[in-house]
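Structure data follow from protein11.cif (mmCIF, C-alpha atoms):
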data_model
#
loop_
_atom_site.label_atom_id
_atom_site.label_comp_id
_atom_site.auth_asym_id
_atom_site.auth_seq_id
_atom_site.Cartn_x
_atom_site.Cartn_y
_atom_site.Cartn_z
CA PRO A 30 138.54 96.61 70.97
CA SER A 31 135.39 96.05 68.90
CA ALA A 32 136.34 98.87 66.52
CA ARG A 33 139.84 97.46 66.13
CA GLY A 34 138.40 93.98 65.51
CA ALA A 35 136.00 95.30 62.88
CA PHE A 36 138.85 97.15 61.18
CA LEU A 37 140.97 93.98 61.05
CA GLN A 38 138.05 91.93 59.74
CA CYS A 39 137.41 94.44 56.95
CA THR A 40 141.11 94.39 56.06
CA ASP A 41 141.14 90.59 55.95
CA TRP A 42 138.06 90.60 53.73
CA LEU A 43 139.67 93.04 51.31
CA THR A 44 142.89 91.04 51.11
CA THR A 45 140.99 87.77 50.62
CA ASN A 46 139.00 89.15 47.71
CA ASN A 47 141.89 90.97 46.02
CA GLY A 48 144.70 88.45 45.84
CA GLY A 49 146.26 89.19 49.20
CA GLU A 50 146.55 92.94 48.67
CA VAL A 51 144.36 95.76 49.92
CA PRO A 52 143.34 98.20 47.15
CA TRP A 53 144.27 101.75 48.10
CA GLY A 54 140.87 103.21 47.26
CA SER A 55 139.00 100.51 49.16
CA PHE A 56 141.24 100.96 52.18
CA VAL A 57 140.68 104.73 52.25
CA GLY A 58 136.93 104.25 51.93
CA MET A 59 136.94 101.69 54.72
CA LEU A 60 139.01 104.02 56.91
CA PHE A 61 136.60 106.88 56.28
CA GLY A 62 133.57 104.78 57.18
CA MET A 63 135.18 103.34 60.30
CA LEU A 64 136.20 106.80 61.48
CA ILE A 65 132.64 108.06 61.05
CA SER A 66 131.31 105.17 63.14
CA LEU A 67 133.89 105.65 65.88
CA ILE A 68 133.62 109.44 66.11
CA TRP A 69 129.83 109.45 65.81
CA GLY A 70 129.38 107.07 68.72
CA HIS A 71 131.79 109.04 70.88
CA LYS A 72 130.13 112.35 70.02
CA VAL A 73 126.64 111.07 70.78
CA PHE A 74 127.63 110.08 74.32
CA LEU A 75 129.62 113.28 74.75
CA ASN A 76 126.81 115.54 73.55
CA ALA A 77 124.18 113.70 75.58
CA SER A 78 126.21 114.40 78.69
CA HIS A 79 126.67 117.97 77.47
CA MET A 80 122.93 118.50 77.08
CA ILE A 81 122.08 116.99 80.48
CA SER A 82 124.45 119.44 82.13
CA CYS A 83 122.98 122.31 80.12
CA HIS A 84 119.48 121.41 81.30
CA VAL A 85 120.53 121.24 84.95
CA ILE A 86 122.40 124.55 84.89
CA ALA A 87 119.60 126.33 83.03
CA SER A 88 117.04 125.00 85.51
CA TRP A 89 119.15 126.33 88.37
CA TYR A 90 119.46 129.73 86.69
CA PHE A 91 115.75 130.23 86.00
CA SER A 92 114.23 128.17 88.87
CA PRO A 93 116.79 127.60 91.64
CA ASP A 94 114.28 126.25 94.15
CA GLU A 95 113.03 123.62 91.72
CA ALA A 96 116.56 122.66 90.69
CA GLU A 97 117.66 122.14 94.30
CA SER A 98 114.70 119.99 95.31
CA GLY A 99 114.94 116.25 95.80
CA CYS A 100 117.66 113.86 96.87
CA PRO A 101 121.18 115.27 96.40
CA CYS A 102 122.34 112.08 94.69
CA CYS A 103 119.42 111.92 92.25
CA ARG A 104 117.61 115.20 91.84
CA PRO A 105 114.47 115.27 89.66
CA VAL A 106 115.97 117.99 87.46
CA THR A 107 118.83 115.66 86.54
CA CYS A 108 116.44 112.81 85.74
CA VAL A 109 114.38 115.13 83.55
CA GLY A 110 117.52 116.25 81.74
CA LEU A 111 118.52 112.63 81.20
CA LYS A 112 115.08 111.78 79.86
CA ARG A 113 115.04 114.74 77.48
CA SER A 114 118.54 114.02 76.20
CA LEU A 115 117.96 110.33 75.56
CA ILE A 116 114.36 110.53 74.34
CA ASN A 117 113.12 113.99 73.36
CA TYR A 118 116.29 115.43 71.84
CA LEU A 119 118.19 112.29 70.87
CA GLY A 120 117.48 112.98 67.20
CA SER A 121 119.03 116.43 67.42
CA ILE A 122 122.02 115.02 69.27
CA ALA A 123 122.51 112.28 66.69
CA PHE A 124 122.09 114.67 63.76
CA GLY A 125 124.55 117.23 65.06
CA SER A 126 127.00 114.52 66.08
CA LEU A 127 126.79 112.97 62.62
CA ILE A 128 127.66 116.28 60.95
CA VAL A 129 130.70 116.68 63.18
CA ALA A 130 131.69 113.03 62.71
CA ILE A 131 131.59 113.28 58.92
CA VAL A 132 133.69 116.44 58.89
CA GLU A 133 136.22 115.04 61.37
CA ALA A 134 136.46 111.72 59.54
CA PHE A 135 136.97 113.55 56.25
CA TYR A 136 139.74 115.64 57.81
CA TYR A 137 141.62 112.70 59.32
CA THR A 138 141.23 110.65 56.15
CA CYS A 139 142.57 113.49 54.02
CA LYS A 140 145.44 113.94 56.45
CA TYR A 141 146.31 110.25 56.22
CA VAL A 142 146.15 110.28 52.42
CA VAL A 143 148.31 113.39 52.21
CA GLU A 144 150.95 111.91 54.51
CA LYS A 145 151.07 108.68 52.51
CA THR A 146 151.00 110.08 48.98
CA LEU A 147 152.99 113.32 49.16
CA ALA A 148 156.19 111.96 50.67
CA GLY A 149 159.14 113.22 48.63
CA THR A 150 157.04 115.34 46.26
CA ASN A 151 157.41 118.98 45.27
CA PRO A 152 157.55 121.38 48.27
CA ILE A 153 154.98 123.62 46.61
CA VAL A 154 152.52 120.73 46.41
CA LYS A 155 153.17 119.96 50.08
CA PHE A 156 152.57 123.60 50.97
CA ILE A 157 149.24 123.62 49.13
CA ALA A 158 148.24 120.37 50.84
CA CYS A 159 149.14 121.80 54.25
CA CYS A 160 147.04 124.90 53.56
CA PHE A 161 144.11 122.68 52.54
CA LEU A 162 144.42 120.62 55.73
CA CYS A 163 144.66 123.78 57.81
CA LEU A 164 141.47 125.18 56.29
CA LEU A 165 139.73 121.85 56.75
CA ASN A 166 140.80 121.72 60.38
CA CYS A 167 139.46 125.24 60.96
CA LEU A 168 136.16 124.20 59.39
CA LYS A 169 136.03 121.10 61.60
CA ASN A 170 136.67 123.06 64.78
CA THR A 171 134.17 125.77 63.84
CA ILE A 172 131.36 123.31 63.11
CA GLU A 173 132.02 121.45 66.35
CA TRP A 174 132.05 124.72 68.30
CA LEU A 175 128.78 125.90 66.77
CA THR A 176 127.02 122.60 67.43
CA GLU A 177 128.01 122.79 71.10
CA TRP A 178 126.29 126.16 71.39
CA ALA A 179 123.28 124.79 69.51
CA TYR A 180 122.88 122.03 72.10
CA VAL A 181 122.73 124.68 74.81
CA TYR A 182 119.73 126.33 73.15
CA ILE A 183 118.08 122.96 72.57
CA ALA A 184 118.43 122.11 76.26
CA ILE A 185 117.13 125.49 77.43
CA TYR A 186 114.29 126.17 75.00
CA GLY A 187 113.52 122.75 73.51
CA VAL A 188 113.86 123.93 69.91
CA SER A 189 114.97 121.91 66.90
CA PHE A 190 118.58 121.68 65.83
CA ILE A 191 118.02 124.00 62.86
CA GLU A 192 116.22 126.60 64.96
CA ALA A 193 118.93 126.37 67.59
CA GLY A 194 121.48 127.14 64.88
CA GLY A 195 119.60 130.34 64.10
CA LYS A 196 119.63 131.33 67.76
CA VAL A 197 123.37 130.67 67.90
CA ALA A 198 123.91 132.96 64.92
CA LYS A 199 121.85 135.67 66.62
CA MET A 200 123.78 135.27 69.87
CA LEU A 201 127.12 135.47 68.10
CA GLY A 202 125.97 138.63 66.35
CA SER A 203 125.28 140.35 69.66
CA SER A 204 127.77 138.72 72.05
CA GLY A 205 130.23 136.90 69.83
CA MET A 206 133.38 138.16 71.53
CA GLY A 207 132.13 136.95 74.89
CA ALA A 208 131.47 133.50 73.47
CA ILE A 209 134.96 133.38 71.98
CA ALA A 210 136.48 134.49 75.28
CA GLN A 211 134.56 131.77 77.12
CA THR A 212 135.95 129.13 74.78
CA THR A 213 139.48 130.51 75.01
CA LEU A 214 139.46 130.31 78.79
CA VAL A 215 137.71 126.98 79.32
CA HIS A 216 138.88 124.71 76.50
CA PRO A 217 142.62 124.63 77.40
CA VAL A 218 141.73 123.51 80.92
CA ILE A 219 139.43 120.79 79.60
CA MET A 220 142.05 119.60 77.11
CA LEU A 221 144.59 119.35 79.93
CA GLY A 222 142.16 117.15 81.84
CA ARG A 223 141.65 114.94 78.79
CA ILE A 224 145.40 114.53 78.37
CA CYS A 225 145.69 113.55 82.03
CA GLY A 226 142.93 110.98 81.53
CA ALA A 227 144.74 109.55 78.51
CA ALA A 228 147.98 109.39 80.51
CA ILE A 229 146.22 107.46 83.27
CA GLY A 230 144.86 105.09 80.63
CA VAL A 231 148.38 104.52 79.27
CA GLY A 232 149.58 103.69 82.77
CA ALA A 233 146.71 101.28 83.30
CA GLY A 234 147.52 99.65 79.96
CA TYR A 235 151.13 99.09 80.96
CA LEU A 236 150.03 97.62 84.28
CA SER A 237 147.76 95.19 82.47
CA LEU A 238 150.77 93.85 80.55
CA GLU A 239 152.09 92.42 83.81
CA SER A 240 148.98 90.26 84.20
CA PHE A 241 148.41 89.17 80.60
CA MET A 242 150.76 87.79 77.97
CA ILE A 243 150.07 89.98 74.94
CA GLU A 244 152.16 89.82 71.79
CA ASN A 245 151.57 93.42 70.69
CA THR A 246 152.67 95.28 73.80
CA TRP A 247 151.69 98.64 72.32
CA SER A 248 148.01 97.71 72.01
CA GLN A 249 147.10 97.85 75.70
CA PRO A 250 148.58 101.31 76.39
CA PHE A 251 147.05 102.60 73.16
CA LEU A 252 143.60 101.27 74.01
CA GLY A 253 143.99 102.56 77.56
CA ALA A 254 144.80 106.02 76.23
CA CYS A 255 141.73 105.97 73.97
CA VAL A 256 139.43 104.81 76.76
CA GLY A 257 140.89 107.26 79.27
CA PHE A 258 140.58 110.15 76.84
CA ALA A 259 136.99 109.25 75.97
CA ILE A 260 135.86 108.82 79.58
CA THR A 261 137.54 112.05 80.65
CA SER A 262 135.99 113.91 77.72
CA VAL A 263 132.50 112.81 78.71
CA SER A 264 133.15 113.61 82.38
CA LEU A 265 134.54 117.07 81.71
CA SER A 266 131.89 117.98 79.15
CA CYS A 267 129.69 119.09 82.05
CA VAL A 268 132.22 121.82 82.87
CA ASP A 269 132.14 123.24 79.36
CA ALA A 270 128.37 122.82 79.19
CA GLY A 271 127.90 124.68 82.46
CA ASN A 272 130.00 127.61 81.31
CA LYS A 273 128.22 127.85 77.96
CA THR A 274 124.80 127.60 79.58
CA MET A 275 125.55 130.31 82.12
CA PHE A 276 126.73 132.56 79.32
CA VAL A 277 123.59 132.01 77.23
CA CYS A 278 121.30 132.45 80.23
CA TYR A 279 123.03 135.68 81.15
CA VAL A 280 122.78 136.99 77.59
CA ASP A 281 119.07 136.15 77.39
CA ALA A 282 118.05 137.11 80.95
CA PRO A 283 120.67 139.32 82.65
CA GLU A 284 118.08 140.72 85.06
CA LEU A 285 117.97 137.41 86.94
CA MET A 286 121.70 137.59 87.55
CA ALA A 287 121.39 141.21 88.70
CA GLU A 288 118.60 140.28 91.10
CA ARG A 289 120.15 137.19 92.68
CA MET A 290 123.88 137.92 92.43
CA PRO A 291 124.43 141.66 91.98
CA GLU A 292 128.16 141.42 92.69
CA VAL A 293 128.64 138.90 89.88
CA HIS A 294 126.44 140.96 87.58
CA GLY A 295 128.60 143.97 88.30
CA VAL A 296 131.70 142.09 87.21
CA PHE A 297 130.04 141.04 83.96
#
Here is the file; what I need is its structure written in the form of structure tokens.
Amino acid sequence: PSARGAFLQCTDWLTTNNGGEVPWGSFVGMLFGMLISLIWGHKVFLNASHMISCHVIASWYFSPDEAESGCPCCRPVTCVGLKRSLINYLGSIAFGSLIVAIVEAFYYTCKYVVEKTLAGTNPIVKFIACCFLCLLNCLKNTIEWLTEWAYVYIAIYGVSFIEAGGKVAKMLGSSGMGAIAQTTLVHPVIMLGRICGAAIGVGAGYLSLESFMIENTWSQPFLGACVGFAITSVSLSCVDAGNKTMFVCYVDAPELMAERMPEVHGVF
């Protein structure tokens, strides 16, 4: 709601200062900036949750007795992971999230501009624009994927974001196909969970219409879908983080897996 209110306020300000019309360039710039703010905030929370899960799983892999100590509802290893994510490594989380947010905002802004400006134009121009958007989308997904692996190394070894990127490149050089297979298996399941969360949010939005008189009936289901998708994304990030962390730990120290779980090591 706050993001939507800020967007409407910016639009009103532009129309007030430009004779009742919103200049196209100013609107696109405002859209780009608002998207960066929205995506950046979401990614920071998502990646903080991701890194906490990475820390817990890595602690269990290397020191299972220490990871299992304490109260089941509030283990010290979880509190340490929370502290490191929100204090020690918050700069790395914010920096990586900002990179992803800028790329994603640029992609969605370009997509919006293309849809609005190329209607009814030459098919060849549309084809070139579609190819550009496809390449941009691939770049967006690749950067987001690499930053997720970088957060795993930050959580395990406490390195900087740049150094973690170097470790990711080294890991992909030696076990890249395994990393791709991990993503191929896990991400569809996580996306299905996010869609279910968004669907629940839509249902909650429709139910709220029975209690409140709202002129724009589409707004509540839409906001419910956004909130449901965001909450589910943060909740399920621990699943993806756990899988990535186990993969990195196994690549770096396979002897621990062979010692503690020889049957699993044999499968790998």
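Comparing the minimum interatomic distances between Thr176 of chain A and each of A:Ser121, A:Gln249, A:Ser92, A:Thr213, counting only C-alpha atoms, we find that A:Ser121 sits nearest.
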task = Write out as a VMD selection string each polymer residue whose atoms come within 10 Å of Val256 of chain A, counting all atoms listed in the file; drop sequence neighbours fewer than 2 positions from it.
result = chain A and resid 226 to 227 229 to 231 250 to 254 258 to 262
ask   = Any idea what's packed within 8 Å of segment 267-273 of chain A, counting all atoms listed in the file, ignoring anything in its chain fewer than 3 positions away? Could you give it as a PyMOL selection string?
value = chain A and resi 78-80+82-83+86+178+181+208+211+215-216+219+263-264+276-277
key: atom CA of Gly234 of chain A to atom CA of Tyr141 of chain A, straight-line distance in Å   =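 Atom-to-atom, atom CA of Tyr141 of chain A and atom CA of Gly234 of chain A are spaced 26.0 Å apart.
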Kindly provide the residues of segment 57-152 of chain A that approach segment 186-196 of chain A to within 9 Å, each paired with its closest atom pair and their distance in Å to one decimal, based on all atoms listed in the file, listed by chain and increasing number, as a Markdown table.
| residue | atom | partner | partner_atom | distance |
| --- | --- | --- | --- | --- |
| A:Asn117 | CA | A:Gly187 | CA | 8.8 |
| A:Tyr118 | CA | A:Gly187 | CA | 8.0 |
| A:Gly120 | CA | A:Phe190 | CA | 8.9 |
| A:Ser121 | CA | A:Phe190 | CA | 5.5 |
| A:Ile122 | CA | A:Phe190 | CA | 8.2 |
| A:Phe124 | CA | A:Phe190 | CA | 8.1 |
| A:Gly125 | CA | A:Phe190 | CA | 7.5 |
task = Check the smallest atom-to-atom distance from each of A:Tyr279, A:Phe61, A:Phe56, A:Phe135 to Met200 of chain A using only C-alpha atoms, then report the winner.
result = A:Tyr279
task = Using all atoms listed in the file, pick whichever of A:His71, A:Lys140, A:Lys169, A:His84 has the shortest atom-to-atom distance to Ser114 of chain A.
result = A:His84
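The coordinates place atom CA of Glu97 of chain A at 13.9 Å from atom CA of Gly110 of chain A.
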Evaluate the PyMOL selection byres ((chain A and resi 69) around 8) here and jot the selected residues down as an mmCIF file with C-alpha atoms, keeping the file's coordinate frame.
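Saved as part_18.cif:
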data_model
loop_
_atom_site.group_PDB
_atom_site.id
_atom_site.type_symbol
_atom_site.label_atom_id
_atom_site.label_comp_id
_atom_site.auth_asym_id
_atom_site.auth_seq_id
_atom_site.Cartn_x
_atom_site.Cartn_y
_atom_site.Cartn_z
ATOM 1 C CA ILE A 65 132.640 108.060 61.050
ATOM 2 C CA SER A 66 131.310 105.170 63.140
ATOM 3 C CA LEU A 67 133.890 105.650 65.880
ATOM 4 C CA ILE A 68 133.620 109.440 66.110
ATOM 5 C CA GLY A 70 129.380 107.070 68.720
ATOM 6 C CA HIS A 71 131.790 109.040 70.880
ATOM 7 C CA LYS A 72 130.130 112.350 70.020
ATOM 8 C CA VAL A 73 126.640 111.070 70.780
ATOM 9 C CA ALA A 123 122.510 112.280 66.690
ATOM 10 C CA SER A 126 127.000 114.520 66.080
ATOM 11 C CA LEU A 127 126.790 112.970 62.620
ATOM 12 C CA VAL A 129 130.700 116.680 63.180
ATOM 13 C CA ALA A 130 131.690 113.030 62.710
#
query = Which one of A:Ser266, A:Thr107, A:Thr146, A:Ser237 sits closest to Ser88 of chain A if you count only C-alpha atoms?
reply = A:Thr107
Taking the partial coordinates given, rebuild segment 141-166 of chain A to contain N, CA and C atoms; return it as a short mmCIF file (atom, residue, chain, number, x, y, z; two decimals), in the coordinates of the input.
data_model
loop_
_atom_site.label_atom_id
_atom_site.label_comp_id
_atom_site.auth_asym_id
_atom_site.auth_seq_id
_atom_site.Cartn_x
_atom_site.Cartn_y
_atom_site.Cartn_z
N TYR A 141 145.62 111.53 56.42
CA TYR A 141 146.31 110.25 56.22
C TYR A 141 146.74 110.08 54.76
N VAL A 142 145.83 110.41 53.85
CA VAL A 142 146.15 110.28 52.42
C VAL A 142 147.29 111.21 52.03
N VAL A 143 147.25 112.43 52.53
CA VAL A 143 148.31 113.39 52.21
C VAL A 143 149.66 112.90 52.72
N GLU A 144 149.69 112.39 53.94
CA GLU A 144 150.95 111.91 54.51
C GLU A 144 151.50 110.71 53.74
N LYS A 145 150.62 109.88 53.21
CA LYS A 145 151.07 108.68 52.51
C LYS A 145 151.44 108.93 51.05
N THR A 146 150.81 109.90 50.43
CA THR A 146 151.00 110.08 48.98
C THR A 146 151.94 111.21 48.61
N LEU A 147 152.17 112.16 49.52
CA LEU A 147 152.99 113.32 49.16
C LEU A 147 154.41 113.25 49.70
N ALA A 148 154.82 112.09 50.17
CA ALA A 148 156.19 111.96 50.67
C ALA A 148 157.18 112.09 49.52
N GLY A 149 158.11 113.03 49.65
CA GLY A 149 159.14 113.22 48.63
C GLY A 149 158.69 113.97 47.40
N THR A 150 157.52 114.60 47.43
CA THR A 150 157.04 115.34 46.26
C THR A 150 157.51 116.80 46.32
N ASN A 151 157.03 117.57 45.38
CA ASN A 151 157.41 118.98 45.27
C ASN A 151 157.01 119.75 46.53
N PRO A 152 157.90 120.60 47.07
CA PRO A 152 157.55 121.38 48.27
C PRO A 152 156.34 122.28 48.08
N ILE A 153 156.14 122.76 46.86
CA ILE A 153 154.98 123.62 46.61
C ILE A 153 153.68 122.82 46.76
N VAL A 154 153.70 121.59 46.27
CA VAL A 154 152.52 120.73 46.41
C VAL A 154 152.26 120.44 47.89
N LYS A 155 153.33 120.20 48.64
CA LYS A 155 153.17 119.96 50.08
C LYS A 155 152.60 121.19 50.78
N PHE A 156 153.06 122.36 50.36
CA PHE A 156 152.57 123.60 50.97
C PHE A 156 151.08 123.77 50.70
N ILE A 157 150.66 123.50 49.47
CA ILE A 157 149.24 123.62 49.13
C ILE A 157 148.41 122.61 49.93
N ALA A 158 148.95 121.39 50.07
CA ALA A 158 148.24 120.37 50.84
C ALA A 158 148.12 120.77 52.30
N CYS A 159 149.18 121.35 52.86
CA CYS A 159 149.14 121.80 54.25
C CYS A 159 148.11 122.92 54.44
N CYS A 160 148.04 123.83 53.48
CA CYS A 160 147.04 124.90 53.56
C CYS A 160 145.62 124.32 53.50
N PHE A 161 145.43 123.32 52.64
CA PHE A 161 144.11 122.68 52.54
C PHE A 161 143.74 122.01 53.86
N LEU A 162 144.69 121.29 54.45
CA LEU A 162 144.42 120.62 55.73
C LEU A 162 144.16 121.64 56.84
N CYS A 163 144.87 122.75 56.80
CA CYS A 163 144.66 123.78 57.81
C CYS A 163 143.25 124.37 57.71
N LEU A 164 142.82 124.66 56.49
CA LEU A 164 141.47 125.18 56.29
C LEU A 164 140.42 124.16 56.71
N LEU A 165 140.67 122.91 56.38
CA LEU A 165 139.73 121.85 56.75
C LEU A 165 139.66 121.68 58.26
N ASN A 166 140.78 121.82 58.92
CA ASN A 166 140.80 121.72 60.38
C ASN A 166 140.05 122.89 61.02
#
